[in-house]
$ cat my_file.cif   # mmCIF, C-alpha atoms
data_work
loop_
_atom_site.label_atom_id
_atom_site.label_comp_id
_atom_site.auth_asym_id
_atom_site.auth_seq_id
_atom_site.Cartn_x
_atom_site.Cartn_y
_atom_site.Cartn_z
CA MET A 176 -10.71 32.14 -11.63
CA THR A 177 -9.37 30.34 -14.70
CA TYR A 178 -7.02 27.37 -14.29
CA ARG A 179 -4.42 26.24 -16.80
CA ILE A 180 -3.88 22.47 -16.61
CA VAL A 181 -0.79 20.50 -17.57
CA ILE A 182 -0.42 16.70 -17.42
CA ASP A 183 3.03 15.16 -17.04
CA GLY A 184 2.65 12.26 -19.47
CA LEU A 185 5.71 10.47 -18.10
CA ALA A 186 4.45 10.57 -14.51
CA CYS A 187 0.83 9.62 -15.36
CA SER A 188 0.27 5.94 -14.58
CA GLY A 189 -3.42 5.74 -15.40
CA PHE A 190 -4.95 5.66 -11.93
CA GLY A 191 -7.94 7.50 -13.40
CA ASP A 192 -8.83 9.60 -10.36
CA CYS A 193 -8.73 12.80 -12.42
CA ALA A 194 -11.34 11.49 -14.88
CA ASP A 195 -13.51 10.35 -11.95
CA LEU A 196 -13.37 13.73 -10.24
CA ALA A 197 -13.49 16.01 -13.28
CA PRO A 198 -14.85 14.06 -16.25
CA ASP A 199 -15.54 17.25 -18.20
CA ILE A 200 -11.86 18.12 -18.13
CA PHE A 201 -10.00 14.78 -18.09
CA GLU A 202 -10.48 11.58 -20.04
CA LEU A 203 -8.46 8.41 -20.33
CA ASP A 204 -7.01 7.13 -23.58
CA SER A 205 -7.09 3.48 -24.65
CA HIS A 206 -3.98 2.80 -22.52
CA GLY A 207 -5.60 4.38 -19.48
CA LYS A 208 -3.46 7.51 -19.65
CA ALA A 209 -5.00 10.88 -18.80
CA LEU A 210 -5.79 13.30 -21.59
CA LEU A 211 -7.07 16.84 -21.36
CA ARG A 212 -10.40 17.67 -22.96
CA VAL A 213 -9.66 21.37 -22.46
CA GLY A 214 -6.50 23.40 -21.86
CA THR A 215 -8.05 25.75 -19.32
CA SER A 216 -11.09 25.60 -17.08
CA THR A 217 -12.88 27.68 -14.47
CA ASP A 218 -14.10 24.54 -12.69
CA PRO A 219 -12.42 24.18 -9.24
CA ALA A 220 -12.75 20.40 -9.68
CA VAL A 221 -9.36 20.61 -11.44
CA LEU A 222 -7.83 21.40 -8.03
CA ASP A 223 -9.39 18.22 -6.61
CA ALA A 224 -8.12 16.23 -9.56
CA ALA A 225 -4.58 17.61 -9.18
CA SER A 226 -4.62 16.91 -5.44
CA ALA A 227 -6.01 13.39 -5.94
CA CYS A 228 -3.46 12.28 -8.55
CA PRO A 229 -1.32 9.63 -6.79
CA MET A 230 1.59 10.38 -9.10
CA GLY A 231 1.39 14.16 -8.77
CA ALA A 232 1.20 14.29 -12.56
CA ILE A 233 -1.27 17.19 -12.81
CA THR A 234 -0.17 20.78 -12.47
CA VAL A 235 -2.72 23.57 -12.19
CA GLU A 236 -1.82 27.22 -12.59
CA GLU A 237 -4.13 30.09 -11.87
CA VAL A 238 -4.52 32.44 -14.82
CA PRO A 239 -5.71 35.98 -14.02
CA ASP A 240 -9.10 36.66 -15.65
CA MET B 163 25.93 -23.08 28.59
CA LYS B 164 22.98 -20.76 28.11
CA THR B 165 22.01 -19.88 24.52
CA ASP B 166 22.34 -16.20 23.61
CA PRO B 167 18.74 -14.99 23.05
CA THR B 168 19.76 -11.83 21.14
CA PHE B 169 19.00 -13.13 17.63
CA TRP B 170 15.77 -14.78 18.77
CA LEU B 171 14.61 -11.52 20.35
CA LEU B 172 15.58 -9.58 17.21
CA ALA B 173 13.79 -12.13 15.00
CA ARG B 174 10.58 -11.67 16.98
CA ALA B 175 10.88 -7.88 17.10
CA SER B 176 11.61 -7.58 13.36
CA GLY B 177 8.72 -9.91 12.50
CA LEU B 178 6.30 -7.79 14.49
CA THR B 179 7.80 -4.62 12.99
CA ALA B 180 7.34 -5.99 9.46
CA TYR B 181 3.70 -6.83 10.28
CA LEU B 182 3.10 -3.35 11.67
CA LEU B 183 4.70 -1.72 8.61
CA LEU B 184 2.63 -3.92 6.28
CA THR B 185 -0.54 -2.87 8.12
CA LEU B 186 0.37 0.83 7.95
CA SER B 187 1.27 0.52 4.28
CA VAL B 188 -2.09 -1.10 3.46
CA LEU B 189 -3.86 1.64 5.44
CA ALA B 190 -1.95 4.32 3.51
CA GLY B 191 -2.90 2.59 0.25
CA LEU B 192 -6.58 2.58 1.22
CA ILE B 193 -6.46 6.22 2.34
CA LEU B 194 -4.84 7.08 -0.99
CA LYS B 195 -8.13 6.31 -2.70
CA SER B 196 -10.75 7.19 -0.09
CA ARG B 197 -9.01 10.48 0.79
CA PRO B 198 -10.53 11.12 4.23
CA PHE B 199 -8.49 14.33 4.53
CA GLY B 200 -9.67 15.71 1.19
CA ARG B 201 -7.48 18.28 -0.49
CA ALA B 202 -5.58 18.95 2.75
CA VAL B 203 -3.31 15.97 2.05
CA LYS B 204 -1.99 15.42 -1.46
CA ALA B 205 -2.46 11.92 -2.78
CA ALA B 206 1.09 11.97 -4.15
CA SER B 207 2.43 12.44 -0.58
CA VAL B 208 0.31 9.52 0.67
CA MET B 209 1.63 7.47 -2.27
CA ASP B 210 5.22 8.27 -1.23
CA LEU B 211 4.40 7.21 2.35
CA HIS B 212 2.66 4.04 1.07
CA ARG B 213 5.74 3.06 -0.92
CA LEU B 214 8.16 3.97 1.87
CA LEU B 215 6.22 1.87 4.41
CA SER B 216 6.07 -1.12 2.06
CA MET B 217 9.81 -0.93 1.36
CA LEU B 218 10.59 -0.59 5.08
CA GLY B 219 8.31 -3.60 5.63
CA LEU B 220 10.33 -5.61 3.12
CA ALA B 221 13.56 -4.50 4.78
CA SER B 222 12.17 -5.66 8.14
CA LEU B 223 11.34 -9.00 6.57
CA GLY B 224 14.96 -9.22 5.44
CA VAL B 225 16.09 -8.60 9.02
CA HIS B 226 13.48 -11.11 10.29
CA GLY B 227 14.85 -13.84 8.01
CA THR B 228 18.50 -13.03 8.74
CA MET B 229 17.93 -13.12 12.49
CA LEU B 230 16.16 -16.49 12.20
CA LEU B 231 19.19 -17.85 10.33
CA LEU B 232 21.60 -16.57 12.98
CA ASP B 233 19.46 -17.70 15.90
CA ARG B 234 20.07 -21.13 17.51
CA THR B 235 16.59 -21.50 19.02
CA VAL B 236 14.71 -22.83 15.99
CA HIS B 237 17.64 -23.86 13.70
CA MET B 238 16.18 -22.35 10.54
CA PRO B 239 17.84 -23.47 7.30
CA VAL B 240 18.11 -21.01 4.35
CA SER B 241 15.58 -23.14 2.41
CA GLY B 242 13.09 -22.66 5.24
CA LEU B 243 13.00 -18.94 4.48
CA PHE B 244 12.25 -19.36 0.77
CA VAL B 245 10.53 -22.74 0.30
CA PRO B 246 7.10 -23.07 1.94
CA GLY B 247 7.10 -26.09 4.24
CA ALA B 248 10.89 -26.46 4.40
CA SER B 249 11.11 -25.03 7.90
CA PRO B 250 11.62 -27.64 10.64
CA TYR B 251 9.99 -25.20 13.09
CA ARG B 252 6.17 -25.06 12.76
CA PRO B 253 6.41 -25.83 9.00
CA VAL B 254 2.83 -24.93 8.06
CA SER B 255 2.72 -21.72 10.08
CA VAL B 256 6.11 -20.61 8.75
CA ALA B 257 5.03 -21.52 5.19
CA LEU B 258 2.21 -18.97 5.49
CA GLY B 259 4.80 -16.31 6.30
CA VAL B 260 7.08 -17.41 3.46
CA ILE B 261 4.25 -17.17 0.91
CA ALA B 262 3.16 -13.79 2.32
CA ALA B 263 6.73 -12.44 2.14
CA GLU B 264 7.26 -13.64 -1.43
CA LEU B 265 3.94 -12.20 -2.58
CA MET B 266 4.73 -8.94 -0.81
CA ALA B 267 8.08 -8.70 -2.57
CA LEU B 268 6.29 -9.32 -5.88
CA VAL B 269 3.71 -6.59 -5.22
CA VAL B 270 6.34 -4.07 -4.11
CA VAL B 271 8.54 -4.77 -7.14
CA SER B 272 5.51 -4.64 -9.47
CA PHE B 273 5.18 -0.90 -8.86
CA SER B 274 8.46 -0.29 -10.65
CA VAL B 275 7.40 -2.35 -13.67
CA ARG B 276 3.72 -1.31 -13.80
CA LYS B 277 4.17 0.39 -17.15
CA LEU B 278 5.64 -2.83 -18.54
CA ILE B 279 2.91 -5.14 -17.24
CA GLY B 280 0.09 -2.63 -17.75
CA GLN B 281 -2.09 -0.79 -15.26
CA LYS B 282 -4.86 -3.43 -15.30
CA ARG B 283 -2.55 -6.35 -14.52
CA TRP B 284 -0.79 -4.26 -11.89
CA ARG B 285 -4.13 -3.47 -10.21
CA LEU B 286 -5.10 -7.15 -10.25
CA LEU B 287 -1.78 -8.08 -8.69
CA HIS B 288 -2.30 -5.40 -6.06
CA TRP B 289 -5.48 -7.18 -4.88
CA THR B 290 -3.24 -9.97 -3.55
CA THR B 291 -2.33 -7.51 -0.79
CA TYR B 292 -5.41 -8.74 1.10
CA ALA B 293 -4.13 -12.33 0.84
CA ILE B 294 -0.70 -11.13 1.99
CA PHE B 295 -2.23 -9.41 5.00
CA GLY B 296 -4.34 -12.47 5.86
CA LEU B 297 -1.38 -14.85 5.51
CA ALA B 298 0.87 -12.54 7.54
CA THR B 299 -1.74 -12.32 10.31
CA ALA B 300 -2.16 -16.12 10.40
CA HIS B 301 1.64 -16.55 10.34
CA GLY B 302 2.10 -14.12 13.22
CA LEU B 303 -0.62 -15.73 15.31
CA LEU B 304 0.38 -19.34 14.64
CA ALA B 305 4.17 -19.15 14.31
CA GLY B 306 4.86 -16.23 16.63
CA SER B 307 5.96 -17.18 20.11
CA ASP B 308 4.39 -14.01 21.53
CA SER B 309 0.87 -14.71 20.26
CA ALA B 310 -0.40 -15.81 23.66
CA GLN B 311 0.55 -12.45 25.16
CA PRO B 312 -2.37 -10.00 25.57
CA TRP B 313 -0.40 -7.18 23.90
CA ALA B 314 0.32 -9.35 20.86
CA ARG B 315 -3.33 -10.36 20.51
CA ASP B 316 -4.33 -6.70 20.82
CA LEU B 317 -1.84 -5.82 18.09
CA TYR B 318 -3.23 -8.41 15.66
CA LEU B 319 -6.82 -7.57 16.56
CA GLY B 320 -6.15 -3.84 16.15
CA ALA B 321 -4.46 -4.37 12.79
CA VAL B 322 -7.29 -6.52 11.41
CA ALA B 323 -9.93 -4.09 12.72
CA ALA B 324 -8.11 -1.13 11.15
CA ILE B 325 -7.85 -2.85 7.76
CA VAL B 326 -11.51 -3.97 7.83
CA PHE B 327 -12.63 -0.44 8.77
CA ALA B 328 -10.46 1.26 6.14
CA THR B 329 -11.61 -1.23 3.49
CA ALA B 330 -15.26 -0.60 4.33
CA TRP B 331 -14.63 3.15 4.12
CA ARG B 332 -12.85 2.72 0.79
CA ALA B 333 -15.69 0.56 -0.57
CA SER B 334 -18.30 3.14 0.39
CA TYR B 335 -16.30 6.06 -1.02
CA LYS B 336 -17.47 7.46 -4.32
CA PRO B 337 -15.38 10.14 -6.02
CA SER B 338 -17.45 13.29 -5.95
CA ARG B 339 -17.04 16.97 -6.53
CA SER B 340 -20.49 17.81 -5.26
CA ALA B 341 -19.06 20.05 -2.53
CA HIS B 342 -17.46 22.25 -5.15
CA LYS B 343 -20.47 22.23 -7.40
CA ALA B 344 -22.65 23.32 -4.52
CA ARG B 345 -20.22 26.10 -3.63
CA VAL B 346 -19.71 27.27 -7.19
CA GLY B 347 -23.40 26.96 -7.91
#
$ encode --input "my_file.cif" --output "structure tokens"
Amino acid sequence: MTYRIVIDGLACSGFGDCADLAPDIFELDSHGKALLRVGTSTDPAVLDAASACPMGAITVEEVPD
Amino acid sequence: MKTDPTFWLLARASGLTAYLLLTLSVLAGLILKSRPFGRAVKAASVMDLHRLLSMLGLASLGVHGTMLLLDRTVHMPVSGLFVPGASPYRPVSVALGVIAAELMALVVVSFSVRKLIGQKRWRLLHWTTYAIFGLATAHGLLAGSDSAQPWARDLYLGAVAAIVFATAWRASYKPSRSAHKARVG
């Protein structure tokens, strides 16, 4: 399964949980805001990251392979 | 003529309610990070609950202060609610509650301005929650007229135990996706 990831930049408050849980997919910029390293991923860790975001700023959509 | 105890009873009940809500809010905040329920509970929902509990706690503090002003048992002046030590009733014990309430208001309001003050400063400010909880516990025990009651002691003991346990859990929690990695292979 491939996942398409979208970050709501306005909602992101820089808690950093996404980068902790899926460091290959998320990183934090100099202001602590989440950035995507990739647009899509097959790693289910993105689901953890989306679920762990306290601001609900990460949306994950399943893309049919 | 007998004094109407209604406001005194409401002051005590709202104080205990505020303490309970503060405890539950801190627990929700700790669960937000340690995530004992995993993906079953979204962190954003816990965050909403955390904020709701803290705002209800502040509202209860507002009721607590208002009832103390209206009550004729302790004759609390307005300054006693805002200036630590200005209360004629148990001034030191009440001062602990005043400082806790003012810090709590600051922490709750800080969420709305976290982008302005920056995430790092906001996190630092959030650490004062432990001081708030400690001050509120001391205030309840020392200023509360129900503290000698077994149920009140159990309440304070239970709250402190719950916060200590949840803090220990939070401290030992390390974000991990090992379960997924193992499953995905």
$ residues_around --input "my_file.cif" --residues "A:Asp192" --least-positions-apart "4" --cutoff "7 Å" --atoms "all atoms listed in the file" --output "PyMOL selection string"
chain A and resi 196+224+227-228
$ interface_residues --input "my_file.cif" --of "chain A" --to "chain B" --cutoff "9 Å" --atoms "all atoms listed in the file" --output "list in words"
Ser188, Gly189, Phe190, Asp192, Asp195, Leu196, Ala197, His206, Gly207, Asp218, Pro219, Ala220, Leu222, Asp223, Ala225, Ser226, Ala227, Cys228, Pro229, Met230, Gly231 and Ala232 of chain A
$ atom_distance --input "my_file.cif" --atom1 "atom CA of A:Arg179" --atom2 "atom CA of A:Leu210"
13.9 Å
$ atom_distance --input "my_file.cif" --atom1 "atom CA of B:Asp166" --atom2 "atom CA of B:Met229"
12.4 Å
$ resolve_selection --input "my_file.cif" --expression "the PyMOL selection byres ((chain B and resi 271) around 12)" --output "PDB file with C-alpha atoms, in the coordinates of the input"
ATOM      1  CA  ARG B 213       5.740   3.060  -0.920  1.00  0.00           C
ATOM      2  CA  SER B 216       6.070  -1.120   2.060  1.00  0.00           C
ATOM      3  CA  MET B 217       9.810  -0.930   1.360  1.00  0.00           C
ATOM      4  CA  LEU B 220      10.330  -5.610   3.120  1.00  0.00           C
ATOM      5  CA  GLU B 264       7.260 -13.640  -1.430  1.00  0.00           C
ATOM      6  CA  LEU B 265       3.940 -12.200  -2.580  1.00  0.00           C
ATOM      7  CA  MET B 266       4.730  -8.940  -0.810  1.00  0.00           C
ATOM      8  CA  ALA B 267       8.080  -8.700  -2.570  1.00  0.00           C
ATOM      9  CA  LEU B 268       6.290  -9.320  -5.880  1.00  0.00           C
ATOM     10  CA  VAL B 269       3.710  -6.590  -5.220  1.00  0.00           C
ATOM     11  CA  VAL B 270       6.340  -4.070  -4.110  1.00  0.00           C
ATOM     12  CA  SER B 272       5.510  -4.640  -9.470  1.00  0.00           C
ATOM     13  CA  PHE B 273       5.180  -0.900  -8.860  1.00  0.00           C
ATOM     14  CA  SER B 274       8.460  -0.290 -10.650  1.00  0.00           C
ATOM     15  CA  VAL B 275       7.400  -2.350 -13.670  1.00  0.00           C
ATOM     16  CA  ARG B 276       3.720  -1.310 -13.800  1.00  0.00           C
ATOM     17  CA  LEU B 278       5.640  -2.830 -18.540  1.00  0.00           C
ATOM     18  CA  ILE B 279       2.910  -5.140 -17.240  1.00  0.00           C
ATOM     19  CA  TRP B 284      -0.790  -4.260 -11.890  1.00  0.00           C
ATOM     20  CA  LEU B 287      -1.780  -8.080  -8.690  1.00  0.00           C
ATOM     21  CA  HIS B 288      -2.300  -5.400  -6.060  1.00  0.00           C
TER      22      HIS B 288
END
$ resolve_selection --input "my_file.cif" --expression "the PyMOL selection byres ((chain B and resi 328) around 10)" --output "list of chain:residue names"
B:Val188, B:Leu189, B:Ala190, B:Gly191, B:Leu192, B:Ile193, B:Ser196, B:Val322, B:Ala323, B:Ala324, B:Ile325, B:Val326, B:Phe327, B:Thr329, B:Ala330, B:Trp331, B:Arg332, B:Ala333, B:Ser334
$ atom_distance --input "my_file.cif" --atom1 "atom CA of A:Ala186" --atom2 "atom CA of B:Thr291"
23.7 Å
$ residues_near_point --input "my_file.cif" --point "(15.5, -15.3, 10.9)" --cutoff "10 Å" --atoms "only C-alpha atoms" --output "PyMOL selection string"
chain B and resi 169-170+172-174+176-177+223-234+236-240+242-243
$ closest_residue --input "my_file.cif" --among "A:Val181, A:Ile200, A:Cys187, A:Val235" --to "A:Val213" --atoms "only C-alpha atoms"
A:Ile200
$ closest_residue --input "my_file.cif" --among "A:Pro239, A:Thr215, A:Asp199, A:Thr234" --to "A:Tyr178" --atoms "only C-alpha atoms"
A:Thr215
$ resolve_selection --input "my_file.cif" --expression "the PyMOL selection byres ((chain B and resi 245) around 12)" --output "ChimeraX atom specification"
/B:238-244,246-250,253-254,256-264
$ decode --input "my_file.cif" --residues "stretch 194-235 of chain B" --atoms "N, CA and C atoms" --output "PDB file, in the first residue's frame"
ATOM      1  N   LEU B 194      -1.153  12.176  26.107  1.00  0.00           N
ATOM      2  CA  LEU B 194      -0.986  12.725  24.755  1.00  0.00           C
ATOM      3  C   LEU B 194       0.365  12.324  24.171  1.00  0.00           C
ATOM      4  N   LYS B 195       1.375  12.314  25.020  1.00  0.00           N
ATOM      5  CA  LYS B 195       2.717  11.983  24.549  1.00  0.00           C
ATOM      6  C   LYS B 195       3.045  10.491  24.668  1.00  0.00           C
ATOM      7  N   SER B 196       2.632   9.870  25.781  1.00  0.00           N
ATOM      8  CA  SER B 196       3.030   8.476  25.983  1.00  0.00           C
ATOM      9  C   SER B 196       2.120   7.499  25.239  1.00  0.00           C
ATOM     10  N   ARG B 197       0.942   7.949  24.841  1.00  0.00           N
ATOM     11  CA  ARG B 197       0.032   7.207  23.973  1.00  0.00           C
ATOM     12  C   ARG B 197      -0.152   5.735  24.361  1.00  0.00           C
ATOM     13  N   PRO B 198      -0.682   5.493  25.571  1.00  0.00           N
ATOM     14  CA  PRO B 198      -0.858   4.100  26.004  1.00  0.00           C
ATOM     15  C   PRO B 198      -1.879   3.329  25.165  1.00  0.00           C
ATOM     16  N   PHE B 199      -2.725   4.054  24.438  1.00  0.00           N
ATOM     17  CA  PHE B 199      -3.742   3.371  23.626  1.00  0.00           C
ATOM     18  C   PHE B 199      -3.323   3.271  22.151  1.00  0.00           C
ATOM     19  N   GLY B 200      -2.093   3.677  21.873  1.00  0.00           N
ATOM     20  CA  GLY B 200      -1.574   3.555  20.508  1.00  0.00           C
ATOM     21  C   GLY B 200      -2.421   4.304  19.499  1.00  0.00           C
ATOM     22  N   ARG B 201      -2.585   3.652  18.333  1.00  0.00           N
ATOM     23  CA  ARG B 201      -3.304   4.312  17.241  1.00  0.00           C
ATOM     24  C   ARG B 201      -4.827   4.316  17.443  1.00  0.00           C
ATOM     25  N   ALA B 202      -5.279   3.553  18.467  1.00  0.00           N
ATOM     26  CA  ALA B 202      -6.721   3.447  18.717  1.00  0.00           C
ATOM     27  C   ALA B 202      -7.325   4.802  19.104  1.00  0.00           C
ATOM     28  N   VAL B 203      -6.525   5.644  19.737  1.00  0.00           N
ATOM     29  CA  VAL B 203      -7.009   6.972  20.144  1.00  0.00           C
ATOM     30  C   VAL B 203      -6.130   8.028  19.490  1.00  0.00           C
ATOM     31  N   LYS B 204      -6.747   8.893  18.706  1.00  0.00           N
ATOM     32  CA  LYS B 204      -5.970   9.935  18.021  1.00  0.00           C
ATOM     33  C   LYS B 204      -5.474  10.974  19.018  1.00  0.00           C
ATOM     34  N   ALA B 205      -4.220  11.350  18.838  1.00  0.00           N
ATOM     35  CA  ALA B 205      -3.631  12.344  19.740  1.00  0.00           C
ATOM     36  C   ALA B 205      -4.409  13.665  19.689  1.00  0.00           C
ATOM     37  N   ALA B 206      -4.920  13.993  18.502  1.00  0.00           N
ATOM     38  CA  ALA B 206      -5.654  15.262  18.367  1.00  0.00           C
ATOM     39  C   ALA B 206      -6.911  15.267  19.251  1.00  0.00           C
ATOM     40  N   SER B 207      -7.546  14.082  19.409  1.00  0.00           N
ATOM     41  CA  SER B 207      -8.733  13.989  20.273  1.00  0.00           C
ATOM     42  C   SER B 207      -8.333  14.170  21.734  1.00  0.00           C
ATOM     43  N   VAL B 208      -7.190  13.563  22.106  1.00  0.00           N
ATOM     44  CA  VAL B 208      -6.705  13.704  23.488  1.00  0.00           C
ATOM     45  C   VAL B 208      -6.337  15.168  23.746  1.00  0.00           C
ATOM     46  N   MET B 209      -5.771  15.813  22.724  1.00  0.00           N
ATOM     47  CA  MET B 209      -5.419  17.234  22.851  1.00  0.00           C
ATOM     48  C   MET B 209      -6.678  18.076  23.096  1.00  0.00           C
ATOM     49  N   ASP B 210      -7.744  17.781  22.346  1.00  0.00           N
ATOM     50  CA  ASP B 210      -9.008  18.503  22.541  1.00  0.00           C
ATOM     51  C   ASP B 210      -9.506  18.315  23.977  1.00  0.00           C
ATOM     52  N   LEU B 211      -9.430  17.065  24.468  1.00  0.00           N
ATOM     53  CA  LEU B 211      -9.884  16.754  25.830  1.00  0.00           C
ATOM     54  C   LEU B 211      -9.007  17.488  26.861  1.00  0.00           C
ATOM     55  N   HIS B 212      -7.702  17.473  26.613  1.00  0.00           N
ATOM     56  CA  HIS B 212      -6.722  18.150  27.484  1.00  0.00           C
ATOM     57  C   HIS B 212      -7.071  19.639  27.603  1.00  0.00           C
ATOM     58  N   ARG B 213      -7.363  20.250  26.491  1.00  0.00           N
ATOM     59  CA  ARG B 213      -7.674  21.689  26.490  1.00  0.00           C
ATOM     60  C   ARG B 213      -9.025  21.963  27.147  1.00  0.00           C
ATOM     61  N   LEU B 214      -9.999  21.081  26.835  1.00  0.00           N
ATOM     62  CA  LEU B 214     -11.336  21.253  27.426  1.00  0.00           C
ATOM     63  C   LEU B 214     -11.262  21.148  28.951  1.00  0.00           C
ATOM     64  N   LEU B 215     -10.538  20.132  29.442  1.00  0.00           N
ATOM     65  CA  LEU B 215     -10.426  19.931  30.896  1.00  0.00           C
ATOM     66  C   LEU B 215      -9.742  21.120  31.562  1.00  0.00           C
ATOM     67  N   SER B 216      -8.697  21.652  30.903  1.00  0.00           N
ATOM     68  CA  SER B 216      -7.977  22.782  31.513  1.00  0.00           C
ATOM     69  C   SER B 216      -8.865  24.028  31.534  1.00  0.00           C
ATOM     70  N   MET B 217      -9.665  24.219  30.481  1.00  0.00           N
ATOM     71  CA  MET B 217     -10.550  25.394  30.462  1.00  0.00           C
ATOM     72  C   MET B 217     -11.688  25.243  31.479  1.00  0.00           C
ATOM     73  N   LEU B 218     -12.201  24.014  31.607  1.00  0.00           N
ATOM     74  CA  LEU B 218     -13.235  23.770  32.627  1.00  0.00           C
ATOM     75  C   LEU B 218     -12.644  23.970  34.024  1.00  0.00           C
ATOM     76  N   GLY B 219     -11.374  23.585  34.187  1.00  0.00           N
ATOM     77  CA  GLY B 219     -10.682  23.789  35.456  1.00  0.00           C
ATOM     78  C   GLY B 219     -10.580  25.269  35.793  1.00  0.00           C
ATOM     79  N   LEU B 220     -10.242  26.066  34.783  1.00  0.00           N
ATOM     80  CA  LEU B 220     -10.166  27.521  34.995  1.00  0.00           C
ATOM     81  C   LEU B 220     -11.536  28.094  35.348  1.00  0.00           C
ATOM     82  N   ALA B 221     -12.560  27.597  34.648  1.00  0.00           N
ATOM     83  CA  ALA B 221     -13.929  28.065  34.926  1.00  0.00           C
ATOM     84  C   ALA B 221     -14.312  27.725  36.369  1.00  0.00           C
ATOM     85  N   SER B 222     -13.928  26.521  36.811  1.00  0.00           N
ATOM     86  CA  SER B 222     -14.220  26.120  38.198  1.00  0.00           C
ATOM     87  C   SER B 222     -13.487  27.012  39.189  1.00  0.00           C
ATOM     88  N   LEU B 223     -12.282  27.423  38.811  1.00  0.00           N
ATOM     89  CA  LEU B 223     -11.535  28.344  39.676  1.00  0.00           C
ATOM     90  C   LEU B 223     -12.261  29.687  39.778  1.00  0.00           C
ATOM     91  N   GLY B 224     -12.842  30.102  38.647  1.00  0.00           N
ATOM     92  CA  GLY B 224     -13.631  31.336  38.651  1.00  0.00           C
ATOM     93  C   GLY B 224     -14.808  31.231  39.607  1.00  0.00           C
ATOM     94  N   VAL B 225     -15.481  30.075  39.572  1.00  0.00           N
ATOM     95  CA  VAL B 225     -16.613  29.840  40.482  1.00  0.00           C
ATOM     96  C   VAL B 225     -16.113  29.800  41.930  1.00  0.00           C
ATOM     97  N   HIS B 226     -14.975  29.120  42.139  1.00  0.00           N
ATOM     98  CA  HIS B 226     -14.367  28.997  43.468  1.00  0.00           C
ATOM     99  C   HIS B 226     -14.129  30.394  44.071  1.00  0.00           C
ATOM    100  N   GLY B 227     -13.518  31.264  43.285  1.00  0.00           N
ATOM    101  CA  GLY B 227     -13.225  32.616  43.766  1.00  0.00           C
ATOM    102  C   GLY B 227     -14.488  33.420  44.018  1.00  0.00           C
ATOM    103  N   THR B 228     -15.448  33.318  43.091  1.00  0.00           N
ATOM    104  CA  THR B 228     -16.699  34.072  43.233  1.00  0.00           C
ATOM    105  C   THR B 228     -17.457  33.642  44.488  1.00  0.00           C
ATOM    106  N   MET B 229     -17.500  32.329  44.719  1.00  0.00           N
ATOM    107  CA  MET B 229     -18.214  31.823  45.897  1.00  0.00           C
ATOM    108  C   MET B 229     -17.534  32.282  47.193  1.00  0.00           C
ATOM    109  N   LEU B 230     -16.196  32.351  47.170  1.00  0.00           N
ATOM    110  CA  LEU B 230     -15.471  32.818  48.363  1.00  0.00           C
ATOM    111  C   LEU B 230     -15.774  34.291  48.646  1.00  0.00           C
ATOM    112  N   LEU B 231     -15.969  35.064  47.562  1.00  0.00           N
ATOM    113  CA  LEU B 231     -16.313  36.480  47.742  1.00  0.00           C
ATOM    114  C   LEU B 231     -17.708  36.641  48.334  1.00  0.00           C
ATOM    115  N   LEU B 232     -18.625  35.785  47.859  1.00  0.00           N
ATOM    116  CA  LEU B 232     -20.026  35.886  48.305  1.00  0.00           C
ATOM    117  C   LEU B 232     -20.230  35.301  49.704  1.00  0.00           C
ATOM    118  N   ASP B 233     -19.374  34.367  50.075  1.00  0.00           N
ATOM    119  CA  ASP B 233     -19.521  33.687  51.357  1.00  0.00           C
ATOM    120  C   ASP B 233     -19.174  34.622  52.532  1.00  0.00           C
ATOM    121  N   ARG B 234     -19.842  34.396  53.663  1.00  0.00           N
ATOM    122  CA  ARG B 234     -19.587  35.226  54.862  1.00  0.00           C
ATOM    123  C   ARG B 234     -18.802  34.472  55.927  1.00  0.00           C
ATOM    124  N   THR B 235     -18.310  33.260  55.571  1.00  0.00           N
ATOM    125  CA  THR B 235     -17.583  32.466  56.565  1.00  0.00           C
ATOM    126  C   THR B 235     -16.155  32.966  56.746  1.00  0.00           C
TER     127      THR B 235
END
